[in-house]
file data_35.tsv (TSV, N, CA and C atoms)
chain	number	residue	atom	x	y	z
O	81	MET	N	-59.84	-19.37	12.21
O	81	MET	CA	-59.90	-19.65	10.79
O	81	MET	C	-58.59	-20.26	10.33
O	82	THR	N	-58.70	-21.15	9.38
O	82	THR	CA	-57.48	-21.72	8.82
O	82	THR	C	-57.22	-21.09	7.46
O	83	ASN	N	-55.98	-21.02	7.14
O	83	ASN	CA	-55.59	-20.48	5.84
O	83	ASN	C	-55.78	-21.54	4.77
O	84	PRO	N	-56.21	-21.16	3.57
O	84	PRO	CA	-56.32	-22.15	2.50
O	84	PRO	C	-54.93	-22.67	2.13
O	85	PRO	N	-54.84	-23.92	1.65
O	85	PRO	CA	-53.52	-24.45	1.29
O	85	PRO	C	-52.89	-23.64	0.17
O	86	GLN	N	-51.60	-23.46	0.27
O	86	GLN	CA	-50.85	-22.72	-0.74
O	86	GLN	C	-50.42	-23.66	-1.85
O	87	HIS	N	-50.81	-23.37	-3.07
O	87	HIS	CA	-50.39	-24.17	-4.21
O	87	HIS	C	-49.15	-23.53	-4.80
O	88	PRO	N	-48.15	-24.33	-5.13
O	88	PRO	CA	-46.96	-23.75	-5.72
O	88	PRO	C	-47.27	-23.14	-7.09
O	89	THR	N	-46.52	-22.15	-7.45
O	89	THR	CA	-46.68	-21.52	-8.75
O	89	THR	C	-46.21	-22.48	-9.83
O	90	PRO	N	-47.00	-22.68	-10.89
O	90	PRO	CA	-46.57	-23.57	-11.97
O	90	PRO	C	-45.25	-23.08	-12.57
O	91	PRO	N	-44.38	-24.00	-12.96
O	91	PRO	CA	-43.07	-23.59	-13.50
O	91	PRO	C	-43.17	-22.61	-14.66
O	92	ALA	N	-44.15	-22.76	-15.55
O	92	ALA	CA	-44.25	-21.89	-16.73
O	92	ALA	C	-44.51	-20.44	-16.36
O	93	SER	N	-45.16	-20.19	-15.23
O	93	SER	CA	-45.48	-18.82	-14.86
O	93	SER	C	-44.66	-18.32	-13.66
O	94	ASP	N	-43.63	-19.06	-13.29
O	94	ASP	CA	-42.76	-18.67	-12.16
O	94	ASP	C	-41.46	-18.09	-12.71
O	95	PRO	N	-41.30	-16.77	-12.65
O	95	PRO	CA	-40.08	-16.17	-13.19
O	95	PRO	C	-38.82	-16.59	-12.41
O	96	ALA	N	-38.99	-17.08	-11.19
O	96	ALA	CA	-37.85	-17.50	-10.39
O	96	ALA	C	-37.56	-19.00	-10.51
O	97	PHE	N	-38.26	-19.69	-11.41
O	97	PHE	CA	-38.07	-21.13	-11.55
O	97	PHE	C	-36.63	-21.45	-11.92
O	98	THR	N	-36.02	-22.33	-11.14
O	98	THR	CA	-34.67	-22.79	-11.41
O	98	THR	C	-34.71	-24.32	-11.46
O	99	PRO	N	-34.34	-24.90	-12.59
O	99	PRO	CA	-34.39	-26.36	-12.69
O	99	PRO	C	-33.27	-27.00	-11.87
O	100	PRO	N	-33.46	-28.25	-11.45
O	100	PRO	CA	-32.40	-28.96	-10.74
O	100	PRO	C	-31.18	-29.14	-11.65
O	101	ASP	N	-30.02	-29.32	-11.04
O	101	ASP	CA	-28.80	-29.47	-11.84
O	101	ASP	C	-28.82	-30.79	-12.61
O	102	LEU	N	-28.03	-30.84	-13.65
O	102	LEU	CA	-27.99	-32.01	-14.51
O	102	LEU	C	-27.45	-33.24	-13.80
O	103	GLY	N	-26.63	-33.06	-12.78
O	103	GLY	CA	-26.09	-34.19	-12.03
O	103	GLY	C	-27.20	-35.00	-11.36
O	104	ARG	N	-28.18	-34.32	-10.79
O	104	ARG	CA	-29.30	-35.02	-10.15
O	104	ARG	C	-30.14	-35.76	-11.19
O	105	ARG	N	-30.36	-35.13	-12.32
O	105	ARG	CA	-31.12	-35.78	-13.39
O	105	ARG	C	-30.39	-37.01	-13.91
O	106	PHE	N	-29.10	-36.87	-14.13
O	106	PHE	CA	-28.31	-37.99	-14.63
O	106	PHE	C	-28.25	-39.11	-13.58
O	107	GLY	N	-28.11	-38.74	-12.31
O	107	GLY	CA	-28.10	-39.74	-11.24
O	107	GLY	C	-29.40	-40.52	-11.20
O	108	ALA	N	-30.52	-39.83	-11.36
O	108	ALA	CA	-31.83	-40.50	-11.37
O	108	ALA	C	-31.93	-41.46	-12.55
O	109	LEU	N	-31.44	-41.04	-13.70
O	109	LEU	CA	-31.48	-41.89	-14.89
O	109	LEU	C	-30.61	-43.14	-14.70
O	110	VAL	N	-29.45	-42.99	-14.11
O	110	VAL	CA	-28.56	-44.14	-13.87
O	110	VAL	C	-29.24	-45.13	-12.92
O	111	ILE	N	-29.83	-44.63	-11.85
O	111	ILE	CA	-30.53	-45.50	-10.89
O	111	ILE	C	-31.67	-46.23	-11.60
O	112	ASP	N	-32.46	-45.51	-12.36
O	112	ASP	CA	-33.58	-46.12	-13.08
O	112	ASP	C	-33.08	-47.15	-14.09
O	113	TRP	N	-31.99	-46.85	-14.78
O	113	TRP	CA	-31.46	-47.78	-15.77
O	113	TRP	C	-30.98	-49.07	-15.11
O	114	VAL	N	-30.31	-48.97	-13.97
O	114	VAL	CA	-29.87	-50.17	-13.25
O	114	VAL	C	-31.08	-51.01	-12.84
O	115	LEU	N	-32.13	-50.35	-12.34
O	115	LEU	CA	-33.35	-51.07	-11.98
O	115	LEU	C	-33.97	-51.75	-13.21
O	116	CYS	N	-33.95	-51.08	-14.34
O	116	CYS	CA	-34.50	-51.66	-15.56
O	116	CYS	C	-33.69	-52.88	-16.01
O	117	LEU	N	-32.37	-52.81	-15.87
O	117	LEU	CA	-31.54	-53.97	-16.21
O	117	LEU	C	-31.86	-55.15	-15.30
O	118	LEU	N	-32.04	-54.87	-14.02
O	118	LEU	CA	-32.37	-55.95	-13.07
O	118	LEU	C	-33.72	-56.58	-13.40
O	119	VAL	N	-34.72	-55.76	-13.68
O	119	VAL	CA	-36.05	-56.27	-14.01
O	119	VAL	C	-36.01	-57.03	-15.34
O	120	ALA	N	-35.37	-56.46	-16.34
O	120	ALA	CA	-35.30	-57.10	-17.65
O	120	ALA	C	-34.59	-58.44	-17.58
O	121	ASN	N	-33.65	-58.56	-16.66
O	121	ASN	CA	-32.89	-59.80	-16.49
O	121	ASN	C	-33.79	-60.95	-16.02
O	122	THR	N	-34.96	-60.64	-15.48
O	122	THR	CA	-35.86	-61.70	-15.01
O	122	THR	C	-36.59	-62.38	-16.16
O	123	PHE	N	-36.68	-61.73	-17.35
O	123	PHE	CA	-37.40	-62.35	-18.46
O	123	PHE	C	-36.61	-62.36	-19.77
O	124	ALA	N	-35.43	-61.76	-19.78
O	124	ALA	CA	-34.61	-61.73	-21.00
O	124	ALA	C	-33.15	-61.55	-20.59
O	125	ASP	N	-32.27	-61.73	-21.53
O	125	ASP	CA	-30.85	-61.51	-21.30
O	125	ASP	C	-30.51	-60.13	-21.88
O	126	PRO	N	-30.37	-59.11	-21.01
O	126	PRO	CA	-30.13	-57.76	-21.52
O	126	PRO	C	-28.90	-57.61	-22.41
O	127	THR	N	-27.91	-58.51	-22.27
O	127	THR	CA	-26.74	-58.41	-23.13
O	127	THR	C	-27.04	-58.93	-24.54
O	128	ARG	N	-28.02	-59.82	-24.66
O	128	ARG	CA	-28.40	-60.35	-25.97
O	128	ARG	C	-29.64	-59.64	-26.51
O	129	ASP	N	-30.60	-59.37	-25.64
O	129	ASP	CA	-31.86	-58.74	-26.02
O	129	ASP	C	-31.86	-57.28	-25.55
O	130	ALA	N	-31.21	-56.43	-26.31
O	130	ALA	CA	-31.04	-55.03	-25.90
O	130	ALA	C	-32.37	-54.30	-25.77
O	131	TRP	N	-33.41	-54.76	-26.40
O	131	TRP	CA	-34.71	-54.12	-26.34
O	131	TRP	C	-35.36	-54.24	-24.96
O	132	ALA	N	-35.03	-55.30	-24.22
O	132	ALA	CA	-35.74	-55.58	-22.96
O	132	ALA	C	-35.62	-54.45	-21.93
O	133	PRO	N	-34.41	-53.99	-21.58
O	133	PRO	CA	-34.35	-52.91	-20.59
O	133	PRO	C	-34.96	-51.60	-21.09
O	134	VAL	N	-34.92	-51.38	-22.40
O	134	VAL	CA	-35.51	-50.16	-22.96
O	134	VAL	C	-37.03	-50.20	-22.79
O	135	VAL	N	-37.63	-51.35	-23.07
O	135	VAL	CA	-39.08	-51.50	-22.88
O	135	VAL	C	-39.44	-51.32	-21.41
O	136	VAL	N	-38.64	-51.90	-20.52
O	136	VAL	CA	-38.89	-51.75	-19.08
O	136	VAL	C	-38.78	-50.28	-18.68
O	137	LEU	N	-37.81	-49.55	-19.23
O	137	LEU	CA	-37.65	-48.13	-18.91
O	137	LEU	C	-38.89	-47.33	-19.35
O	138	ILE	N	-39.39	-47.60	-20.55
O	138	ILE	CA	-40.57	-46.88	-21.04
O	138	ILE	C	-41.77	-47.17	-20.14
O	139	VAL	N	-41.96	-48.43	-19.79
O	139	VAL	CA	-43.07	-48.80	-18.91
O	139	VAL	C	-42.90	-48.20	-17.52
O	140	GLU	N	-41.66	-48.22	-17.01
O	140	GLU	CA	-41.39	-47.63	-15.70
O	140	GLU	C	-41.74	-46.15	-15.70
O	141	TYR	N	-41.30	-45.43	-16.73
O	141	TYR	CA	-41.61	-44.00	-16.80
O	141	TYR	C	-43.11	-43.77	-16.91
O	142	GLY	N	-43.76	-44.55	-17.75
O	142	GLY	CA	-45.20	-44.39	-17.88
O	142	GLY	C	-45.93	-44.59	-16.57
O	143	PHE	N	-45.60	-45.65	-15.86
O	143	PHE	CA	-46.28	-45.97	-14.60
O	143	PHE	C	-45.94	-44.97	-13.50
O	144	PHE	N	-44.64	-44.83	-13.21
O	144	PHE	CA	-44.25	-44.00	-12.07
O	144	PHE	C	-44.47	-42.50	-12.30
O	145	LEU	N	-44.11	-42.00	-13.48
O	145	LEU	CA	-44.34	-40.57	-13.73
O	145	LEU	C	-45.82	-40.26	-13.86
O	146	GLY	N	-46.54	-41.16	-14.52
O	146	GLY	CA	-47.97	-40.93	-14.71
O	146	GLY	C	-48.74	-40.90	-13.41
O	147	LEU	N	-48.38	-41.77	-12.47
O	147	LEU	CA	-49.13	-41.86	-11.22
O	147	LEU	C	-48.52	-41.09	-10.06
O	148	PHE	N	-47.19	-41.02	-10.00
O	148	PHE	CA	-46.53	-40.45	-8.82
O	148	PHE	C	-45.64	-39.24	-9.11
O	149	ALA	N	-45.45	-38.91	-10.37
O	149	ALA	CA	-44.59	-37.78	-10.80
O	149	ALA	C	-43.12	-38.01	-10.50
O	150	GLN	N	-42.75	-39.23	-10.10
O	150	GLN	CA	-41.35	-39.56	-9.82
O	150	GLN	C	-41.09	-41.02	-10.12
O	151	THR	N	-39.96	-41.29	-10.73
O	151	THR	CA	-39.48	-42.66	-10.85
O	151	THR	C	-38.73	-42.97	-9.55
O	152	PRO	N	-38.37	-44.23	-9.30
O	152	PRO	CA	-37.57	-44.52	-8.10
O	152	PRO	C	-36.26	-43.71	-8.07
O	153	GLY	N	-35.60	-43.57	-9.22
O	153	GLY	CA	-34.38	-42.78	-9.27
O	153	GLY	C	-34.62	-41.32	-8.95
O	154	MET	N	-35.73	-40.78	-9.41
O	154	MET	CA	-36.07	-39.38	-9.11
O	154	MET	C	-36.39	-39.21	-7.62
O	155	PHE	N	-37.02	-40.21	-7.03
O	155	PHE	CA	-37.33	-40.15	-5.60
O	155	PHE	C	-36.03	-40.07	-4.80
O	156	ILE	N	-35.06	-40.89	-5.17
O	156	ILE	CA	-33.78	-40.92	-4.45
O	156	ILE	C	-33.02	-39.61	-4.62
O	157	THR	N	-33.05	-39.04	-5.83
O	157	THR	CA	-32.31	-37.80	-6.08
O	157	THR	C	-33.14	-36.54	-5.80
O	158	LYS	N	-34.35	-36.73	-5.31
O	158	LYS	CA	-35.22	-35.63	-4.87
O	158	LYS	C	-35.60	-34.65	-5.99
O	159	ILE	N	-35.98	-35.24	-7.13
O	159	ILE	CA	-36.53	-34.45	-8.23
O	159	ILE	C	-37.84	-35.10	-8.65
O	160	ARG	N	-38.63	-34.37	-9.44
O	160	ARG	CA	-39.87	-34.94	-9.95
O	160	ARG	C	-40.18	-34.33	-11.31
O	161	CYS	N	-41.08	-34.97	-12.02
O	161	CYS	CA	-41.48	-34.53	-13.35
O	161	CYS	C	-42.94	-34.09	-13.28
O	162	VAL	N	-43.19	-32.82	-13.59
O	162	VAL	CA	-44.54	-32.27	-13.50
O	162	VAL	C	-44.92	-31.58	-14.80
O	163	ALA	N	-46.19	-31.26	-14.92
O	163	ALA	CA	-46.68	-30.53	-16.09
O	163	ALA	C	-46.14	-29.10	-16.07
O	164	TRP	N	-45.66	-28.64	-17.19
O	164	TRP	CA	-45.07	-27.32	-17.32
O	164	TRP	C	-46.06	-26.21	-16.99
O	165	TYR	N	-47.30	-26.31	-17.45
O	165	TYR	CA	-48.24	-25.20	-17.31
O	165	TYR	C	-49.02	-25.17	-16.01
O	166	ASP	N	-49.22	-26.33	-15.34
O	166	ASP	CA	-49.98	-26.28	-14.09
O	166	ASP	C	-49.27	-26.91	-12.89
O	167	GLY	N	-48.13	-27.54	-13.11
O	167	GLY	CA	-47.37	-28.11	-12.00
O	167	GLY	C	-47.92	-29.42	-11.48
O	168	GLY	N	-48.95	-29.98	-12.13
O	168	GLY	CA	-49.55	-31.24	-11.71
O	168	GLY	C	-48.89	-32.44	-12.38
O	169	ARG	N	-49.46	-33.60	-12.14
O	169	ARG	CA	-48.95	-34.82	-12.77
O	169	ARG	C	-49.22	-34.77	-14.27
O	170	ILE	N	-48.35	-35.46	-15.03
O	170	ILE	CA	-48.52	-35.42	-16.49
O	170	ILE	C	-49.43	-36.53	-17.00
O	171	GLY	N	-49.74	-37.51	-16.19
O	171	GLY	CA	-50.65	-38.58	-16.60
O	171	GLY	C	-49.95	-39.70	-17.34
O	172	LEU	N	-50.63	-40.82	-17.47
O	172	LEU	CA	-50.04	-42.03	-18.03
O	172	LEU	C	-49.64	-41.89	-19.50
O	173	VAL	N	-50.49	-41.32	-20.31
O	173	VAL	CA	-50.21	-41.25	-21.75
O	173	VAL	C	-49.00	-40.37	-22.02
O	174	ARG	N	-48.98	-39.18	-21.45
O	174	ARG	CA	-47.82	-38.29	-21.67
O	174	ARG	C	-46.56	-38.87	-21.05
O	175	ALA	N	-46.69	-39.58	-19.92
O	175	ALA	CA	-45.53	-40.20	-19.29
O	175	ALA	C	-44.96	-41.31	-20.17
O	176	LEU	N	-45.83	-42.12	-20.77
O	176	LEU	CA	-45.36	-43.15	-21.70
O	176	LEU	C	-44.68	-42.53	-22.91
O	177	LEU	N	-45.27	-41.48	-23.45
O	177	LEU	CA	-44.66	-40.79	-24.59
O	177	LEU	C	-43.31	-40.20	-24.20
O	178	ARG	N	-43.23	-39.62	-23.02
O	178	ARG	CA	-41.96	-39.05	-22.54
O	178	ARG	C	-40.91	-40.14	-22.42
O	179	GLY	N	-41.29	-41.30	-21.87
O	179	GLY	CA	-40.35	-42.42	-21.76
O	179	GLY	C	-39.89	-42.91	-23.12
O	180	LEU	N	-40.81	-42.99	-24.08
O	180	LEU	CA	-40.45	-43.42	-25.43
O	180	LEU	C	-39.47	-42.42	-26.06
O	181	LEU	N	-39.76	-41.14	-25.94
O	181	LEU	CA	-38.86	-40.12	-26.49
O	181	LEU	C	-37.50	-40.12	-25.78
O	182	LEU	N	-37.50	-40.35	-24.48
O	182	LEU	CA	-36.25	-40.42	-23.73
O	182	LEU	C	-35.42	-41.61	-24.20
O	183	ALA	N	-36.08	-42.72	-24.54
O	183	ALA	CA	-35.36	-43.90	-25.02
O	183	ALA	C	-34.65	-43.62	-26.34
O	184	LEU	N	-35.12	-42.62	-27.09
O	184	LEU	CA	-34.46	-42.24	-28.34
O	184	LEU	C	-33.19	-41.42	-28.10
O	185	VAL	N	-32.94	-40.98	-26.88
O	185	VAL	CA	-31.76	-40.26	-26.40
O	185	VAL	C	-31.61	-38.86	-26.98
O	186	VAL	N	-31.66	-38.69	-28.27
O	186	VAL	CA	-31.40	-37.39	-28.89
O	186	VAL	C	-32.31	-36.28	-28.34
O	187	PRO	N	-33.63	-36.52	-28.19
O	187	PRO	CA	-34.46	-35.42	-27.67
O	187	PRO	C	-34.00	-34.90	-26.31
O	188	ALA	N	-33.44	-35.77	-25.48
O	188	ALA	CA	-33.00	-35.34	-24.15
O	188	ALA	C	-31.79	-34.42	-24.23
O	189	LEU	N	-31.03	-34.50	-25.31
O	189	LEU	CA	-29.83	-33.68	-25.43
O	189	LEU	C	-30.12	-32.27	-25.94
O	190	LEU	N	-31.30	-32.04	-26.47
O	190	LEU	CA	-31.68	-30.74	-27.02
O	190	LEU	C	-32.47	-29.96	-25.97
O	191	MET	N	-31.76	-29.22	-25.12
O	191	MET	CA	-32.39	-28.54	-23.98
O	191	MET	C	-32.53	-27.04	-24.21
O	192	ASP	N	-33.56	-26.47	-23.54
O	192	ASP	CA	-33.75	-25.03	-23.56
O	192	ASP	C	-33.19	-24.42	-22.27
O	193	GLU	N	-33.47	-23.15	-22.04
O	193	GLU	CA	-32.92	-22.45	-20.87
O	193	GLU	C	-33.47	-22.97	-19.54
O	194	HIS	N	-34.56	-23.72	-19.56
O	194	HIS	CA	-35.12	-24.31	-18.34
O	194	HIS	C	-34.73	-25.77	-18.20
O	195	ARG	N	-33.72	-26.18	-18.97
O	195	ARG	CA	-33.24	-27.57	-19.02
O	195	ARG	C	-34.36	-28.55	-19.40
O	196	ARG	N	-35.28	-28.09	-20.22
O	196	ARG	CA	-36.33	-28.96	-20.73
O	196	ARG	C	-35.85	-29.53	-22.06
O	197	GLY	N	-35.65	-30.85	-22.08
O	197	GLY	CA	-35.26	-31.51	-23.31
O	197	GLY	C	-36.43	-31.51	-24.27
O	198	LEU	N	-36.16	-31.91	-25.50
O	198	LEU	CA	-37.22	-31.98	-26.50
O	198	LEU	C	-38.33	-32.93	-26.04
O	199	HIS	N	-37.96	-33.99	-25.33
O	199	HIS	CA	-38.97	-34.91	-24.80
O	199	HIS	C	-39.87	-34.23	-23.78
O	200	ASP	N	-39.32	-33.29	-23.01
O	200	ASP	CA	-40.12	-32.51	-22.05
O	200	ASP	C	-41.03	-31.53	-22.77
O	201	ARG	N	-40.49	-30.83	-23.76
O	201	ARG	CA	-41.30	-29.83	-24.48
O	201	ARG	C	-42.44	-30.49	-25.25
O	202	LEU	N	-42.18	-31.65	-25.85
O	202	LEU	CA	-43.23	-32.32	-26.62
O	202	LEU	C	-44.33	-32.90	-25.73
O	203	THR	N	-44.01	-33.20	-24.48
O	203	THR	CA	-45.01	-33.76	-23.57
O	203	THR	C	-45.51	-32.74	-22.55
O	204	GLY	N	-45.04	-31.50	-22.64
O	204	GLY	CA	-45.50	-30.46	-21.71
O	204	GLY	C	-45.08	-30.72	-20.28
O	205	SER	N	-43.85	-31.21	-20.10
O	205	SER	CA	-43.38	-31.53	-18.76
O	205	SER	C	-42.10	-30.78	-18.44
O	206	VAL	N	-41.70	-30.85	-17.17
O	206	VAL	CA	-40.45	-30.24	-16.72
O	206	VAL	C	-40.00	-30.98	-15.46
O	207	ILE	N	-38.70	-31.02	-15.27
O	207	ILE	CA	-38.12	-31.60	-14.06
O	207	ILE	C	-37.96	-30.49	-13.04
O	208	THR	N	-38.46	-30.71	-11.84
O	208	THR	CA	-38.34	-29.73	-10.75
O	208	THR	C	-37.75	-30.41	-9.52
O	209	ALA	N	-37.34	-29.62	-8.58
O	209	ALA	CA	-36.92	-30.18	-7.29
O	209	ALA	C	-38.18	-30.69	-6.57
O	210	ALA	N	-38.05	-31.82	-5.91
O	210	ALA	CA	-39.19	-32.36	-5.15
O	210	ALA	C	-39.40	-31.50	-3.91
O	211	PRO	N	-40.64	-31.23	-3.57
O	211	PRO	CA	-40.89	-30.41	-2.38
O	211	PRO	C	-40.44	-31.15	-1.11
O	212	ARG	N	-39.97	-30.42	-0.20
O	212	ARG	CA	-39.54	-31.00	1.09
O	212	ARG	C	-40.79	-31.32	1.91
O	213	PRO	N	-40.79	-32.48	2.59
O	213	PRO	CA	-41.98	-32.84	3.40
O	213	PRO	C	-42.21	-31.95	4.58
call {"tool": "encode", "arguments": {"input": "data_35.tsv", "output": "structure tokens"}}
result
Amino acid sequence: MTNPPQHPTPPASDPAFTPPDLGRRFGALVIDWVLCLLVANTFADPTRDAWAPVVVLIVEYGFFLGLFAQTPGMFITKIRCVAWYDGGRIGLVRALLRGLLLALVVPALLMDEHRRGLHDRLTGSVITAAPRP
């Protein structure tokens, strides 16, 4: 007989949940921002059109978090963004909303004890360490 697959405990109901350190989160954001500047440079001048990299960041978050639970920066820093209550993907709509709120900067600075910024709390998400393969 084989054992059924073990599902990780959702962060909201895991008393031992420890969020990744802020350095990894900031590193992921820097990597993603550099990628957004490079992409935005293909259709606009980011120094003149400040909106372009911000729009790319929102779209990047919507696409990558919604489908894969990780942006390229999060993949490199080994973190991911999952739903707070069930540990699954947050989906495209919530990921786009999270990206939009993150672009406003202030919500990210208002964190709780689980390092969930206001953008995380409003979208029901949390940053966790990526599982090891």
call {"tool": "atom_distance", "arguments": {"input": "data_35.tsv", "atom1": "atom CA of O:Arg104", "atom2": "atom CA of O:Ile159"}}
result
7.5 Å
call {"tool": "atom_distance", "arguments": {"input": "data_35.tsv", "atom1": "atom CA of O:Asp200", "atom2": "atom CA of O:Arg178"}}
result
6.8 Å
call {"tool": "closest_residue", "arguments": {"input": "data_35.tsv", "among": "O:Ala149, O:Tyr141, O:Leu172, O:Arg160", "to": "O:Pro211", "atoms": "all atoms listed in the file"}}
result
O:Arg160
call {"tool": "closest_residue", "arguments": {"input": "data_35.tsv", "among": "O:Gly153, O:Pro90, O:Pro126, O:Gly146", "to": "O:Val110", "atoms": "only N, CA and C atoms"}}
result
O:Gly153
call {"tool": "select_by_dssp", "arguments": {"input": "data_35.tsv", "residues": "chain O", "states": "strand (DSSP E)", "output": "list in words"}}
result
Ile159, Arg160, Cys161, Val162, Ala163, Ser205, Val206, Ile207, Thr208 and Ala209 of chain O
call {"tool": "write_last_selection", "arguments": {"input": "data_35.tsv", "atoms": "N, CA and C atoms", "output": "compact mmCIF listing (two decimals), keeping the file's coordinate frame"}}
result
# COMPACT_ATOMS: atom_id res chain seq x y z
N ILE O 159 -35.98 -35.24 -7.13
CA ILE O 159 -36.53 -34.45 -8.23
C ILE O 159 -37.84 -35.10 -8.65
N ARG O 160 -38.63 -34.37 -9.44
CA ARG O 160 -39.87 -34.94 -9.95
C ARG O 160 -40.18 -34.33 -11.31
N CYS O 161 -41.08 -34.97 -12.02
CA CYS O 161 -41.48 -34.53 -13.35
C CYS O 161 -42.94 -34.09 -13.28
N VAL O 162 -43.19 -32.82 -13.59
CA VAL O 162 -44.54 -32.27 -13.50
C VAL O 162 -44.92 -31.58 -14.80
N ALA O 163 -46.19 -31.26 -14.92
CA ALA O 163 -46.68 -30.53 -16.09
C ALA O 163 -46.14 -29.10 -16.07
N SER O 205 -43.85 -31.21 -20.10
CA SER O 205 -43.38 -31.53 -18.76
C SER O 205 -42.10 -30.78 -18.44
N VAL O 206 -41.70 -30.85 -17.17
CA VAL O 206 -40.45 -30.24 -16.72
C VAL O 206 -40.00 -30.98 -15.46
N ILE O 207 -38.70 -31.02 -15.27
CA ILE O 207 -38.12 -31.60 -14.06
C ILE O 207 -37.96 -30.49 -13.04
N THR O 208 -38.46 -30.71 -11.84
CA THR O 208 -38.34 -29.73 -10.75
C THR O 208 -37.75 -30.41 -9.52
N ALA O 209 -37.34 -29.62 -8.58
CA ALA O 209 -36.92 -30.18 -7.29
C ALA O 209 -38.18 -30.69 -6.57
call {"tool": "residues_around", "arguments": {"input": "data_35.tsv", "residues": "O:Ala92", "least_positions_apart": "2", "cutoff": "6.5 Å", "atoms": "all atoms listed in the file", "output": "PyMOL selection string"}}
result
chain O and resi 89-90+94-95+164-166
call {"tool": "select_by_dssp", "arguments": {"input": "data_35.tsv", "residues": "stretch 93-193 of chain O", "states": "helix (DSSP H, G or I)", "output": "ChimeraX atom specification"}}
result
/O:93,102-120,131-148,152-157,171-183,186-189
call {"tool": "closest_residue", "arguments": {"input": "data_35.tsv", "among": "O:Val134, O:Leu180, O:Ala175, O:Leu189", "to": "O:Ala163", "atoms": "only C-alpha atoms"}}
result
O:Ala175
call {"tool": "closest_residue", "arguments": {"input": "data_35.tsv", "among": "O:Thr157, O:Asn121, O:Gln150, O:Ser93", "to": "O:Ala108", "atoms": "only C-alpha atoms"}}
result
O:Thr157
call {"tool": "residues_around", "arguments": {"input": "data_35.tsv", "residues": "O:Val186", "least_positions_apart": "3", "cutoff": "8 Å", "atoms": "all atoms listed in the file", "output": "mmCIF file with N, CA and C atoms, keeping the file's coordinate frame"}}
result
data_model
loop_
_atom_site.group_PDB
_atom_site.id
_atom_site.type_symbol
_atom_site.label_atom_id
_atom_site.label_comp_id
_atom_site.auth_asym_id
_atom_site.auth_seq_id
_atom_site.Cartn_x
_atom_site.Cartn_y
_atom_site.Cartn_z
ATOM 1 N N LEU O 181 -39.760 -41.140 -25.940
ATOM 2 C CA LEU O 181 -38.860 -40.120 -26.490
ATOM 3 C C LEU O 181 -37.500 -40.120 -25.780
ATOM 4 N N LEU O 182 -37.500 -40.350 -24.480
ATOM 5 C CA LEU O 182 -36.250 -40.420 -23.730
ATOM 6 C C LEU O 182 -35.420 -41.610 -24.200
ATOM 7 N N ALA O 183 -36.080 -42.720 -24.540
ATOM 8 C CA ALA O 183 -35.360 -43.900 -25.020
ATOM 9 C C ALA O 183 -34.650 -43.620 -26.340
ATOM 10 N N LEU O 189 -31.030 -34.500 -25.310
ATOM 11 C CA LEU O 189 -29.830 -33.680 -25.430
ATOM 12 C C LEU O 189 -30.120 -32.270 -25.940
ATOM 13 N N LEU O 190 -31.300 -32.040 -26.470
ATOM 14 C CA LEU O 190 -31.680 -30.740 -27.020
ATOM 15 C C LEU O 190 -32.470 -29.960 -25.970
ATOM 16 N N MET O 191 -31.760 -29.220 -25.120
ATOM 17 C CA MET O 191 -32.390 -28.540 -23.980
ATOM 18 C C MET O 191 -32.530 -27.040 -24.210
ATOM 19 N N GLY O 197 -35.650 -30.850 -22.080
ATOM 20 C CA GLY O 197 -35.260 -31.510 -23.310
ATOM 21 C C GLY O 197 -36.430 -31.510 -24.270
ATOM 22 N N LEU O 198 -36.160 -31.910 -25.500
ATOM 23 C CA LEU O 198 -37.220 -31.980 -26.500
ATOM 24 C C LEU O 198 -38.330 -32.930 -26.040
ATOM 25 N N HIS O 199 -37.960 -33.990 -25.330
ATOM 26 C CA HIS O 199 -38.970 -34.910 -24.800
ATOM 27 C C HIS O 199 -39.870 -34.230 -23.780
#
call {"tool": "closest_residue", "arguments": {"input": "data_35.tsv", "among": "O:Gly142, O:Pro152, O:Cys161, O:Leu118", "to": "O:Ser205", "atoms": "all atoms listed in the file"}}
result
O:Cys161
call {"tool": "closest_residue", "arguments": {"input": "data_35.tsv", "among": "O:Ile111, O:Ala132, O:Val206, O:Leu145", "to": "O:Pro91", "atoms": "all atoms listed in the file"}}
result
O:Val206
call {"tool": "atom_distance", "arguments": {"input": "data_35.tsv", "atom1": "atom CA of O:Ala120", "atom2": "atom C of O:Phe143"}}
result
16.7 Å
